[in-house]
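Student: Coordinates in entry-v5.txt, compact mmCIF, C-alpha atoms, are listed below.
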```txt
# COMPACT_ATOMS: atom_id res chain seq x y z
CA MET A 20 0.00 0.00 0.00
CA ASN A 21 1.16 3.48 -0.73
CA LEU A 22 -1.05 6.16 0.70
CA LEU A 23 1.18 9.12 -0.07
CA PHE A 24 0.69 8.83 -3.79
CA GLY A 25 -2.97 8.06 -4.10
CA ARG A 26 -3.93 6.50 -7.36
CA THR A 27 -7.49 5.84 -6.30
CA ILE A 28 -10.57 8.00 -6.62
CA SER A 29 -10.47 11.04 -4.34
CA LEU A 30 -12.45 10.99 -1.10
CA GLN A 31 -14.37 14.13 -1.99
CA PHE A 32 -15.62 12.50 -5.17
CA ARG A 33 -16.66 9.38 -3.29
CA LEU A 34 -18.54 11.45 -0.72
CA THR A 35 -20.33 13.41 -3.43
CA VAL A 36 -21.46 10.20 -5.12
CA ALA A 37 -22.57 8.73 -1.78
CA VAL A 38 -24.55 11.84 -0.86
CA ILE A 39 -26.25 12.04 -4.26
CA LEU A 40 -27.15 8.34 -4.16
CA SER A 41 -28.51 8.67 -0.62
CA ILE A 42 -30.64 11.68 -1.48
CA LEU A 43 -32.03 9.87 -4.53
CA LEU A 44 -32.81 6.87 -2.29
CA ILE A 45 -34.51 9.02 0.33
CA LEU A 46 -36.63 10.81 -2.26
CA GLY A 47 -37.41 7.55 -4.06
CA ASP A 48 -38.46 5.90 -0.82
CA ARG A 49 -40.51 8.91 0.26
CA TYR A 50 -42.44 9.47 -2.94
CA THR A 51 -43.16 5.91 -3.96
CA SER A 52 -45.07 3.43 -1.88
CA GLY A 53 -46.39 -0.07 -1.93
CA GLY A 54 -44.73 -3.44 -2.36
CA THR A 55 -42.65 -3.00 -5.48
CA VAL A 56 -40.40 -5.88 -6.56
CA LEU A 57 -37.25 -3.91 -5.72
CA ARG A 58 -38.43 -3.09 -2.23
CA THR A 59 -39.52 -6.66 -1.55
CA SER A 60 -36.20 -8.08 -2.74
CA LEU A 61 -34.24 -5.56 -0.65
CA HIS A 62 -36.22 -6.54 2.45
CA THR A 63 -35.76 -10.20 1.62
CA LEU A 64 -32.02 -9.59 1.58
CA VAL A 65 -31.90 -8.59 5.25
CA SER A 66 -34.39 -11.23 6.49
CA PRO A 67 -31.65 -13.74 7.45
CA LEU A 68 -30.00 -11.03 9.54
CA LEU A 69 -33.26 -10.40 11.39
CA TYR A 70 -33.81 -14.10 12.04
CA PHE A 71 -30.24 -14.40 13.27
CA ALA A 72 -30.58 -11.43 15.65
CA ASN A 73 -33.77 -13.00 17.01
CA VAL A 74 -32.00 -16.23 18.05
CA PRO A 75 -30.72 -15.10 21.50
CA TYR A 76 -34.20 -14.03 22.54
CA GLU A 77 -35.72 -17.31 21.34
CA VAL A 78 -33.11 -19.31 23.24
CA LEU A 79 -33.74 -17.34 26.44
CA SER A 80 -37.51 -17.64 26.21
CA LEU A 81 -37.19 -21.35 25.45
CA GLY A 82 -35.05 -21.73 28.56
CA ALA A 83 -37.56 -19.77 30.63
CA ARG A 84 -40.42 -21.90 29.33
CA SER A 85 -38.70 -25.20 30.07
CA LEU A 86 -38.08 -24.04 33.65
CA GLN A 87 -41.78 -23.52 34.39
CA THR A 88 -43.05 -25.78 37.14
CA ARG A 89 -45.77 -28.35 36.70
CA ASP A 90 -48.09 -26.43 39.03
CA GLN A 91 -47.74 -23.26 36.98
CA LEU A 92 -48.59 -25.15 33.81
CA LEU A 93 -51.58 -26.82 35.43
CA ASP A 94 -52.86 -23.46 36.68
CA GLU A 95 -52.45 -21.92 33.26
CA ASN A 96 -54.17 -24.87 31.65
CA GLN A 97 -57.09 -24.54 34.04
CA ALA A 98 -57.44 -20.80 33.38
CA LEU A 99 -57.33 -21.32 29.61
CA ARG A 100 -59.93 -24.08 29.83
CA GLU A 101 -62.31 -21.83 31.72
CA LYS A 102 -61.75 -19.03 29.23
CA GLN A 103 -62.40 -21.38 26.35
CA LEU A 104 -65.62 -22.63 27.90
CA LEU A 105 -66.92 -19.10 28.31
CA GLN A 106 -65.92 -18.18 24.78
CA SER A 107 -67.47 -21.27 23.22
CA GLU A 108 -70.73 -20.36 24.91
CA GLN A 109 -70.50 -16.93 23.26
CA LEU A 110 -69.59 -18.58 19.98
CA GLN A 111 -72.80 -20.60 19.98
CA GLN A 112 -74.72 -17.35 20.26
CA LEU A 113 -72.52 -15.75 17.59
CA GLN A 114 -73.43 -18.30 14.96
CA PHE A 115 -77.11 -17.68 15.58
CA LEU A 116 -76.67 -13.91 15.54
CA GLN A 117 -74.55 -14.03 12.37
CA LYS A 118 -77.27 -15.94 10.57
CA GLU A 119 -79.92 -13.57 11.83
CA ASN A 120 -77.83 -10.58 10.78
CA GLN A 121 -77.39 -12.03 7.31
CA GLU A 122 -81.12 -12.54 6.94
CA LEU A 123 -81.87 -9.03 8.15
CA ARG A 124 -79.31 -7.60 5.76
CA ALA A 125 -80.89 -9.57 2.94
CA LEU A 126 -84.29 -8.16 3.88
CA LEU A 127 -82.85 -4.63 3.78
CA ASN A 128 -81.06 -5.33 0.49
CA ALA A 129 -77.78 -4.31 2.11
CA SER A 130 -74.57 -5.90 0.91
CA SER A 131 -73.57 -8.83 3.08
CA ARG A 132 -70.34 -8.84 5.05
CA GLU A 133 -67.70 -11.08 3.58
CA LYS A 134 -65.46 -13.30 5.60
CA SER A 135 -61.77 -12.69 5.07
CA SER A 136 -58.79 -14.98 5.43
CA ARG A 137 -56.63 -14.80 8.55
CA LEU A 138 -53.02 -15.62 9.20
CA ILE A 139 -51.25 -15.90 12.52
CA GLY A 140 -47.80 -14.34 12.72
CA GLN A 141 -45.20 -14.10 15.44
CA VAL A 142 -43.24 -10.97 16.26
CA LEU A 143 -39.46 -11.24 15.85
CA SER A 144 -37.77 -9.41 18.69
CA VAL A 145 -35.40 -7.16 16.82
CA HIS A 146 -34.53 -3.55 17.42
CA SER A 147 -36.26 -1.13 15.08
CA ASN A 148 -35.65 2.48 14.18
CA ARG A 149 -36.28 4.37 17.41
CA TYR A 150 -37.98 7.27 15.72
CA SER A 151 -40.92 5.13 14.66
CA HIS A 152 -43.08 2.38 16.11
CA GLN A 153 -42.79 -0.83 14.14
CA VAL A 154 -42.47 -4.55 14.66
CA VAL A 155 -41.18 -7.29 12.39
CA ILE A 156 -43.29 -10.44 11.95
CA ASN A 157 -42.21 -13.83 10.64
CA ARG A 158 -44.60 -13.87 7.65
CA GLY A 159 -43.91 -12.61 4.17
CA THR A 160 -44.96 -12.75 0.55
CA ILE A 161 -44.65 -16.56 0.48
CA ASP A 162 -47.49 -16.65 3.01
CA GLY A 163 -49.47 -14.33 0.76
CA LEU A 164 -48.92 -11.14 2.72
CA GLN A 165 -49.39 -7.80 0.97
CA VAL A 166 -48.62 -4.23 1.90
CA GLY A 167 -51.63 -2.58 3.54
CA GLN A 168 -53.12 -5.56 5.36
CA ALA A 169 -54.56 -4.91 8.81
CA VAL A 170 -52.93 -6.55 11.84
CA ILE A 171 -54.73 -7.23 15.14
CA ASP A 172 -54.00 -8.97 18.43
CA GLU A 173 -56.54 -10.64 20.72
CA LEU A 174 -57.81 -7.27 21.98
CA GLY A 175 -57.81 -4.87 19.06
CA ILE A 176 -56.11 -3.22 16.10
CA VAL A 177 -52.30 -3.25 16.21
CA GLY A 178 -51.38 -1.67 12.89
CA GLN A 179 -50.85 -2.39 9.23
CA VAL A 180 -48.25 -4.10 7.06
CA THR A 181 -45.97 -1.50 5.46
CA HIS A 182 -43.07 -3.51 3.99
CA THR A 183 -42.94 -7.11 2.90
CA GLY A 184 -40.04 -9.45 2.24
CA THR A 185 -40.42 -13.09 1.28
CA THR A 186 -40.18 -14.35 4.87
CA THR A 187 -40.48 -11.24 7.06
CA SER A 188 -42.73 -8.20 7.08
CA ARG A 189 -42.79 -4.91 8.88
CA VAL A 190 -45.90 -3.76 10.72
CA LEU A 191 -46.43 -0.06 11.44
CA LEU A 192 -48.18 0.34 14.81
CA VAL A 193 -51.19 2.63 15.21
CA THR A 194 -49.20 4.77 17.68
CA ASP A 195 -46.59 5.82 15.09
CA THR A 196 -46.60 9.53 14.26
CA THR A 197 -47.25 8.81 10.59
CA HIS A 198 -50.23 6.54 11.22
CA ALA A 199 -53.90 7.55 11.21
CA THR A 200 -56.86 5.22 11.66
CA PRO A 201 -60.41 6.04 10.55
CA VAL A 202 -62.71 5.18 13.47
CA ARG A 203 -66.21 5.72 14.77
CA ILE A 204 -67.43 6.02 18.33
CA LEU A 205 -69.20 2.78 19.23
CA ARG A 206 -71.84 4.56 21.37
CA ASN A 207 -73.21 6.95 18.76
CA ASP A 208 -71.55 6.09 15.41
CA VAL A 209 -69.85 9.48 15.05
CA ARG A 210 -66.96 9.18 12.60
CA THR A 211 -63.53 10.61 13.31
CA VAL A 212 -59.84 9.89 12.74
CA VAL A 213 -57.42 8.80 15.43
CA GLU A 214 -53.70 9.55 14.99
CA GLY A 215 -50.54 8.25 16.62
CA MET A 216 -48.32 10.59 18.62
CA GLY A 217 -45.17 8.46 18.97
CA LYS A 218 -46.20 7.29 22.46
CA LEU A 219 -47.09 3.65 22.98
CA ASN A 220 -49.97 4.39 25.33
CA GLN A 221 -51.54 7.46 23.75
CA LEU A 222 -53.39 8.38 20.59
CA THR A 223 -55.05 11.65 19.67
CA LEU A 224 -58.28 12.41 17.84
CA SER A 225 -57.69 14.94 15.10
CA HIS A 226 -59.87 17.97 14.36
CA VAL A 227 -62.60 17.33 16.91
CA PRO A 228 -65.15 20.19 17.09
CA HIS A 229 -66.09 21.32 20.60
CA SER A 230 -69.68 20.29 20.00
CA LEU A 231 -68.83 16.66 19.19
CA ASP A 232 -70.56 14.16 21.44
CA VAL A 233 -67.59 12.30 22.92
CA ARG A 234 -67.15 11.19 26.53
CA ILE A 235 -64.38 9.67 28.57
CA GLY A 236 -64.58 5.90 28.30
CA ASP A 237 -66.03 5.86 24.78
CA VAL A 238 -64.79 2.92 22.72
CA LEU A 239 -63.48 3.75 19.23
CA VAL A 240 -63.88 1.03 16.61
CA THR A 241 -62.63 1.00 13.03
CA SER A 242 -65.13 2.55 10.66
CA GLY A 243 -64.08 0.64 7.57
CA LEU A 244 -63.54 3.89 5.68
CA GLY A 245 -60.21 4.30 3.97
CA GLY A 246 -60.18 0.67 2.95
CA THR A 247 -57.29 -0.60 5.06
CA PHE A 248 -59.02 -1.74 8.22
CA PRO A 249 -62.16 -3.86 8.13
CA GLU A 250 -65.12 -2.43 10.01
CA GLY A 251 -65.81 -3.01 13.67
CA TYR A 252 -62.49 -3.83 15.36
CA PRO A 253 -61.78 -1.97 18.61
CA VAL A 254 -58.94 0.56 18.40
CA ALA A 255 -58.86 2.74 21.51
CA VAL A 256 -60.70 4.05 24.58
CA VAL A 257 -61.06 7.80 25.14
CA THR A 258 -59.07 8.78 28.26
CA SER A 259 -59.10 12.57 28.42
CA ILE A 260 -60.95 15.48 26.82
CA ASP A 261 -59.86 19.11 26.98
CA ARG A 262 -62.52 21.47 25.68
CA ASP A 263 -60.66 24.78 25.72
CA GLU A 264 -62.88 27.19 23.74
CA SER A 265 -59.95 29.49 22.93
CA VAL A 266 -58.49 26.96 20.49
CA PRO A 267 -60.36 25.86 17.38
CA PHE A 268 -60.55 22.16 18.21
CA ALA A 269 -61.02 20.11 21.36
CA LYS A 270 -58.08 17.99 22.47
CA VAL A 271 -59.18 14.40 22.84
CA TYR A 272 -56.74 11.65 23.83
CA ALA A 273 -57.31 7.92 23.74
CA GLU A 274 -55.45 4.82 24.86
CA PRO A 275 -54.97 1.92 22.42
CA ILE A 276 -56.82 -1.25 23.39
CA ALA A 277 -54.27 -3.67 21.90
CA GLN A 278 -51.30 -4.36 24.17
CA LEU A 279 -48.74 -2.69 21.94
CA ASP A 280 -45.88 -2.92 24.43
CA ARG A 281 -46.03 -6.70 24.64
CA VAL A 282 -47.18 -7.87 21.22
CA ARG A 283 -46.11 -11.44 20.53
CA LEU A 284 -48.71 -13.32 18.49
CA LEU A 285 -50.62 -11.34 15.91
CA VAL A 286 -53.38 -12.02 13.40
CA VAL A 287 -53.02 -10.60 9.90
CA LEU A 288 -56.41 -10.03 8.32
CA GLY A 289 -56.83 -10.81 4.63
CA LYS A 290 -57.72 -8.20 2.07
CA GLN A 291 -60.32 -10.27 0.18
CA SER A 292 -63.39 -8.76 1.79
CA LEU A 293 -62.49 -5.37 0.44
CA GLU A 294 -62.15 -6.49 -3.14
CA ASN A 295 -65.46 -8.30 -2.92
CA ARG A 296 -67.18 -5.25 -1.53
CA ASN A 297 -65.96 -3.11 -4.40
CA ASP A 298 -67.72 -5.30 -6.92
CA MET B 8 -5.12 -13.18 0.08
CA ILE B 9 -6.95 -9.89 -0.34
CA LYS B 10 -10.29 -11.67 -0.22
CA ARG B 11 -9.48 -13.08 3.21
CA HIS B 12 -9.05 -9.53 4.57
CA TYR B 13 -12.41 -8.45 3.26
CA LEU B 14 -14.09 -11.55 4.67
CA LEU B 15 -12.65 -10.88 8.12
CA ILE B 16 -13.75 -7.23 8.03
CA CYS B 17 -17.20 -8.35 6.86
CA PHE B 18 -17.39 -10.80 9.74
CA SER B 19 -16.69 -8.10 12.35
CA LEU B 20 -19.31 -5.87 10.73
CA PHE B 21 -21.79 -8.75 10.72
CA LEU B 22 -21.31 -9.26 14.47
CA ALA B 23 -21.79 -5.52 15.01
CA LEU B 24 -25.00 -5.62 12.95
CA VAL B 25 -26.36 -8.51 15.01
CA MET B 26 -25.53 -6.63 18.21
CA ALA B 27 -27.24 -3.54 16.86
CA LEU B 28 -30.40 -5.51 16.09
CA MET B 29 -30.48 -7.72 19.18
CA PRO B 30 -33.41 -6.97 21.48
CA LEU B 31 -32.58 -5.18 24.74
CA PRO B 32 -34.87 -4.44 27.69
CA LEU B 33 -36.83 -1.23 27.07
CA SER B 34 -35.09 0.56 29.95
CA THR B 35 -31.60 0.07 28.48
CA ASP B 36 -32.57 0.41 24.84
CA ILE B 37 -32.04 4.17 24.73
CA PHE B 38 -28.38 3.68 25.80
CA ARG B 39 -27.55 1.18 23.04
CA PRO B 40 -24.24 2.30 21.46
CA ASP B 41 -24.03 2.43 17.66
CA TRP B 42 -21.95 -0.70 17.33
CA VAL B 43 -21.88 -0.68 13.56
CA LEU B 44 -20.67 2.88 13.25
CA LEU B 45 -17.99 2.32 15.92
CA VAL B 46 -16.65 -0.75 14.12
CA LEU B 47 -16.74 1.09 10.78
CA MET B 48 -14.86 4.00 12.35
CA TYR B 49 -12.18 1.66 13.67
CA TRP B 50 -11.64 0.07 10.26
CA SER B 51 -11.67 3.44 8.52
CA LEU B 52 -8.90 4.65 10.87
CA ALA B 53 -6.87 1.44 10.72
CA LEU B 54 -7.23 0.64 7.01
CA PRO B 55 -8.41 3.86 5.32
CA HIS B 56 -7.41 2.59 1.87
CA ARG B 57 -9.70 -0.44 2.23
CA VAL B 58 -12.69 0.65 4.30
CA ASN B 59 -14.03 4.05 3.46
CA ILE B 60 -17.12 5.74 2.11
CA GLY B 61 -18.32 2.90 -0.11
CA TRP B 62 -18.40 0.50 2.82
CA ALA B 63 -20.12 3.09 5.00
CA TRP B 64 -22.80 3.65 2.39
CA VAL B 65 -23.58 -0.04 1.90
CA THR B 66 -23.56 -0.78 5.65
CA GLY B 67 -25.84 2.20 6.23
CA LEU B 68 -28.26 0.84 3.66
CA ILE B 69 -28.30 -2.55 5.40
CA ILE B 70 -29.02 -0.83 8.72
CA ASP B 71 -31.81 1.16 7.08
CA LEU B 72 -33.40 -1.99 5.73
CA ALA B 73 -32.95 -3.98 8.92
CA THR B 74 -34.31 -1.33 11.28
CA GLY B 75 -37.03 -0.07 8.96
CA SER B 76 -35.99 3.56 8.83
CA PRO B 77 -36.56 5.54 5.62
CA LEU B 78 -34.09 4.19 3.04
CA GLY B 79 -30.96 6.25 2.57
CA VAL B 80 -30.94 8.08 5.91
CA ASN B 81 -28.29 5.95 7.60
CA SER B 82 -26.28 5.60 4.37
CA LEU B 83 -26.02 9.36 4.17
CA CYS B 84 -25.11 9.85 7.85
CA TYR B 85 -22.59 6.99 7.85
CA SER B 86 -20.94 8.29 4.66
CA ILE B 87 -20.49 11.76 6.14
CA CYS B 88 -19.08 10.45 9.45
CA ILE B 89 -16.69 8.06 7.74
CA TYR B 90 -15.62 10.83 5.37
CA ILE B 91 -14.57 12.89 8.39
CA THR B 92 -12.61 10.04 10.00
CA VAL B 93 -10.97 8.89 6.77
CA SER B 94 -9.90 12.35 5.71
CA ASN B 95 -8.30 12.95 9.14
CA PHE B 96 -7.05 9.45 9.91
CA GLN B 97 -3.40 10.48 10.29
CA LYS B 98 -4.25 13.13 12.90
CA ILE B 99 -6.70 10.94 14.80
CA ARG B 100 -4.29 7.99 14.94
CA ASN B 101 -1.78 10.13 16.84
CA PHE B 102 -4.15 10.92 19.68
CA SER B 103 -4.17 8.88 22.87
CA ILE B 104 -6.99 6.42 23.24
CA TRP B 105 -9.11 8.64 25.53
CA GLN B 106 -8.63 11.68 23.30
CA GLN B 107 -9.79 9.50 20.44
CA ALA B 108 -12.80 8.47 22.52
CA VAL B 109 -13.83 12.10 23.01
CA LEU B 110 -13.49 12.77 19.28
CA VAL B 111 -15.49 9.66 18.47
CA GLY B 112 -18.15 10.87 20.91
CA LEU B 113 -18.34 14.13 18.95
CA PHE B 114 -18.65 12.27 15.63
CA LEU B 115 -21.39 10.08 17.11
CA ALA B 116 -23.24 13.19 18.32
CA LEU B 117 -22.96 14.62 14.80
CA TYR B 118 -24.32 11.35 13.41
CA HIS B 119 -27.30 11.43 15.77
CA LEU B 120 -28.08 15.07 15.03
CA LEU B 121 -27.91 14.46 11.27
CA GLN B 122 -30.07 11.37 11.59
CA PHE B 123 -32.58 13.22 13.75
CA TRP B 124 -32.70 16.12 11.36
CA LEU B 125 -33.40 13.89 8.34
CA ASN B 126 -36.00 11.89 10.26
CA HIS B 127 -37.57 15.15 11.42
CA PHE B 128 -38.40 15.98 7.81
CA LEU B 129 -39.39 12.45 6.84
CA LEU B 130 -41.30 11.23 9.91
CA ASP B 131 -42.41 14.43 11.66
CA ILE B 132 -40.73 13.74 15.01
CA TYR B 133 -39.50 16.23 17.60
CA PHE B 134 -36.20 16.46 19.38
CA ASN B 135 -35.71 14.67 22.65
CA PRO B 136 -32.35 14.98 24.49
CA GLU B 137 -32.60 11.20 25.06
CA TYR B 138 -31.61 10.73 21.43
CA LEU B 139 -28.03 11.73 22.29
CA TRP B 140 -27.42 9.07 24.97
CA PRO B 141 -25.85 6.58 22.51
CA ALA B 142 -23.16 9.16 21.67
CA LEU B 143 -22.05 9.14 25.32
CA THR B 144 -22.21 5.36 25.78
CA GLY B 145 -20.46 4.94 22.42
CA MET B 146 -17.69 7.21 23.64
CA PHE B 147 -17.07 4.98 26.65
CA CYS B 148 -17.21 1.86 24.47
CA TRP B 149 -14.62 3.17 22.00
CA PRO B 150 -11.43 2.21 23.95
CA TRP B 151 -12.65 -1.38 24.38
CA ILE B 152 -13.72 -1.67 20.76
CA PHE B 153 -10.43 -0.15 19.66
CA LEU B 154 -8.33 -2.60 21.72
CA LEU B 155 -10.45 -5.60 20.77
CA LEU B 156 -10.39 -4.85 17.06
CA ARG B 157 -6.68 -4.05 17.13
CA LYS B 158 -6.09 -7.46 18.68
CA TYR B 159 -8.33 -8.99 16.00
CA ARG B 160 -6.53 -7.14 13.22
CA ARG B 161 -3.07 -8.12 14.45
CA GLN B 162 -4.06 -11.71 15.16
CA PHE B 163 -5.29 -12.27 11.61
CA ARG B 164 -2.81 -9.81 10.02
CA ILE B 165 -5.46 -7.82 8.24
CA ARG B 166 -3.71 -5.15 6.21
```
What's the structure tokens form of this structure?

Tutor:
Amino acid sequence: MNLLFGRTISLQFRLTVAVILSILLILGDRYTSGGTVLRTSLHTLVSPLLYFANVPYEVLSLGARSLQTRDQLLDENQALREKQLLQSEQLQQLQFLQKENQELRALLNASSREKSSRLIGQVLSVHSNRYSHQVVINRGTIDGLQVGQAVIDELGIVGQVTHTGTTTSRVLLVTDTTHATPVRILRNDVRTVVEGMGKLNQLTLSHVPHSLDVRIGDVLVTSGLGGTFPEGYPVAVVTSIDRDESVPFAKVYAEPIAQLDRVRLLVVLGKQSLENRND
Amino acid sequence: MIKRHYLLICFSLFLALVMALMPLPLSTDIFRPDWVLLVLMYWSLALPHRVNIGWAWVTGLIIDLATGSPLGVNSLCYSICIYITVSNFQKIRNFSIWQQAVLVGLFLALYHLLQFWLNHFLLDIYFNPEYLWPALTGMFCWPWIFLLLRKYRRQFRIR
């Protein structure tokens, strides 16, 4: 090596090229969206890295699980059995109600609600960009995932798929600053939009007039507008309302229902229902 | 022979990437040092004719993809930081290890401010002094990384 007489390309030139390429990338990423082939293949490229980084966590949780005592397992089993019994009782009613609802909808000539496919995914514990709220799940395009699918946990809406690779996908949580969810208030069907603030336990309702009928404890469910989230899944509960008449809109905050800080198993809802409804 | 050197450098970067992606408890996550940038900085000071802006750009892109930040942000910040270290490598090499650590801390702070600033435009976030913790922890990690990687470089005669 001979550094005194450089025969290689100058550093300044390299930096200029790097900066121009980066700016092109940033602009390209910002102003295009969706699951293009290039994006999918780039995300596929880093999937092995994500799986590899997840290994220590898996090993630790496996160790913790194998150390559980028999009594603990029996207790858990008992609790789950009771829960299942209660839920199966509700399920019996659900089938009857679903049928009744279908008949009533037919009588009203309203379009019937389609069933959509579901897919269970597991969250990979890897560190994500700390300026945004995202998780990586172990499902990708080979499982039929597409950008824009809704993701829920056992309690409510978690977020939506924003990037897909062949074996991993990225889910943007509802609490991210760039995420907004169209909702309606369960009590009185008033429509509004709930936005993330970058805090895991707080959402805000945007542009709420002072006269809007909203109370603390109101449940917000997805309204089905916007096309991403199917109708009727719980999103958040209103926690505080500040009606200061000196500002144009009331400040309404809500807490997400899904347990976003401890997501582990998630359900990805299929997009079929939407396409059918458009027909 | 040359290929072996690149493989060994790649391996150290791969370990740094895994450490950067490994889950940490929420309470310690804000202190996570930027392992990848520290390792890149070491190589750019030790072998500036091998590891420089091209490596920084590609590694930054991998970090962008793996952590889901807007593509290009980390490539840009890494390239600028590595440009500074590579263009001053002869000066920086002559400093004692703790002086180097302070300088590295400054570069890391620059990296975090640049990254914040770009994300501020792209993701609409606001500044939080917490974002600068990794610069401080990275500063205290530098001497250990420096000694470890020097051992690694001498052991395998990477030149």

Student: Contacts of A:Ala273 at 8 Å or less, counting all atoms listed in the file, minus same-chain residues fewer than 4 places along, as a PyMOL selection string?

Tutor: chain A and resi 221-224+255-259

Student: Find the residues of chain B in contact range of chain A, meaning any atom within 10 Å when counting only C-alpha atoms, and list them as a CSV table (one decimal) with C-alpha atoms, in the coordinates of the input.

Tutor:
```csv
chain,number,residue,atom,x,y,z
B,21,PHE,CA,-21.8,-8.8,10.7
B,22,LEU,CA,-21.3,-9.3,14.5
B,24,LEU,CA,-25.0,-5.6,13.0
B,25,VAL,CA,-26.4,-8.5,15.0
B,26,MET,CA,-25.5,-6.6,18.2
B,27,ALA,CA,-27.2,-3.5,16.9
B,28,LEU,CA,-30.4,-5.5,16.1
B,29,MET,CA,-30.5,-7.7,19.2
B,30,PRO,CA,-33.4,-7.0,21.5
B,31,LEU,CA,-32.6,-5.2,24.7
B,33,LEU,CA,-36.8,-1.2,27.1
B,36,ASP,CA,-32.6,0.4,24.8
B,37,ILE,CA,-32.0,4.2,24.7
B,55,PRO,CA,-8.4,3.9,5.3
B,56,HIS,CA,-7.4,2.6,1.9
B,57,ARG,CA,-9.7,-0.4,2.2
B,59,ASN,CA,-14.0,4.0,3.5
B,60,ILE,CA,-17.1,5.7,2.1
B,61,GLY,CA,-18.3,2.9,-0.1
B,63,ALA,CA,-20.1,3.1,5.0
B,64,TRP,CA,-22.8,3.6,2.4
B,65,VAL,CA,-23.6,0.0,1.9
B,67,GLY,CA,-25.8,2.2,6.2
B,68,LEU,CA,-28.3,0.8,3.7
B,69,ILE,CA,-28.3,-2.6,5.4
B,70,ILE,CA,-29.0,-0.8,8.7
B,71,ASP,CA,-31.8,1.2,7.1
B,72,LEU,CA,-33.4,-2.0,5.7
B,73,ALA,CA,-33.0,-4.0,8.9
B,74,THR,CA,-34.3,-1.3,11.3
B,75,GLY,CA,-37.0,-0.1,9.0
B,76,SER,CA,-36.0,3.6,8.8
B,77,PRO,CA,-36.6,5.5,5.6
B,78,LEU,CA,-34.1,4.2,3.0
B,79,GLY,CA,-31.0,6.2,2.6
B,80,VAL,CA,-30.9,8.1,5.9
B,81,ASN,CA,-28.3,6.0,7.6
B,82,SER,CA,-26.3,5.6,4.4
B,83,LEU,CA,-26.0,9.4,4.2
B,84,CYS,CA,-25.1,9.8,7.8
B,85,TYR,CA,-22.6,7.0,7.8
B,86,SER,CA,-20.9,8.3,4.7
B,87,ILE,CA,-20.5,11.8,6.1
B,89,ILE,CA,-16.7,8.1,7.7
B,90,TYR,CA,-15.6,10.8,5.4
B,91,ILE,CA,-14.6,12.9,8.4
B,93,VAL,CA,-11.0,8.9,6.8
B,94,SER,CA,-9.9,12.4,5.7
B,122,GLN,CA,-30.1,11.4,11.6
B,123,PHE,CA,-32.6,13.2,13.8
B,125,LEU,CA,-33.4,13.9,8.3
B,126,ASN,CA,-36.0,11.9,10.3
B,127,HIS,CA,-37.6,15.2,11.4
B,129,LEU,CA,-39.4,12.4,6.8
B,130,LEU,CA,-41.3,11.2,9.9
B,131,ASP,CA,-42.4,14.4,11.7
B,132,ILE,CA,-40.7,13.7,15.0
B,133,TYR,CA,-39.5,16.2,17.6
B,138,TYR,CA,-31.6,10.7,21.4
B,166,ARG,CA,-3.7,-5.2,6.2
```

Student: Which residue out of A:Val142, A:Val233, A:Leu127, A:Leu110 has the minimum interatomic distance to A:Val177 when all atoms listed in the file are used?

Tutor: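 Smallest distance to A:Val177 is found for A:Val142.
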
Student: Just the number, please: distance in Å from atom CA of B:Ala142 to atom CA of A:Leu79, one decimal.

Tutor: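 Atom CA of A:Leu79 lies 28.9 Å from atom CA of B:Ala142.
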
Student: What's the separation between atom CA of A:Ile235 and atom CA of A:Gly251, in Å to one decimal place?

Tutor: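 Separation between atom CA of A:Ile235 and atom CA of A:Gly251: 19.6 Å.
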
Student: Quick one: distance from atom CA of A:Glu274 to atom CA of A:Ser107 in Å, one decimal?

Tutor: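 Straight-line distance from atom CA of A:Glu274 to atom CA of A:Ser107 works out to 28.8 Å.
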
Student: Could you give me, as a list in words, the residues within 10 Å of B:Arg160, counting all atoms listed in the file and dropping anything in the same chain fewer than 4 positions from it?

Tutor: His12, Leu15, Ile16, Trp50, Ala53, Leu54, Leu154, Leu155, Leu156, Arg164, Ile165 and Arg166 of chain B

Student: Keeping only C-alpha atoms, write those residues as a short mmCIF file (atom, residue, chain, number, x, y, z; two decimals), in the frame of the given file.

Tutor:
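The resulting again.cif:
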```cif
data_model
loop_
_atom_site.label_atom_id
_atom_site.label_comp_id
_atom_site.auth_asym_id
_atom_site.auth_seq_id
_atom_site.Cartn_x
_atom_site.Cartn_y
_atom_site.Cartn_z
CA HIS B 12 -9.05 -9.53 4.57
CA LEU B 15 -12.65 -10.88 8.12
CA ILE B 16 -13.75 -7.23 8.03
CA TRP B 50 -11.64 0.07 10.26
CA ALA B 53 -6.87 1.44 10.72
CA LEU B 54 -7.23 0.64 7.01
CA LEU B 154 -8.33 -2.60 21.72
CA LEU B 155 -10.45 -5.60 20.77
CA LEU B 156 -10.39 -4.85 17.06
CA ARG B 164 -2.81 -9.81 10.02
CA ILE B 165 -5.46 -7.82 8.24
CA ARG B 166 -3.71 -5.15 6.21
#
```
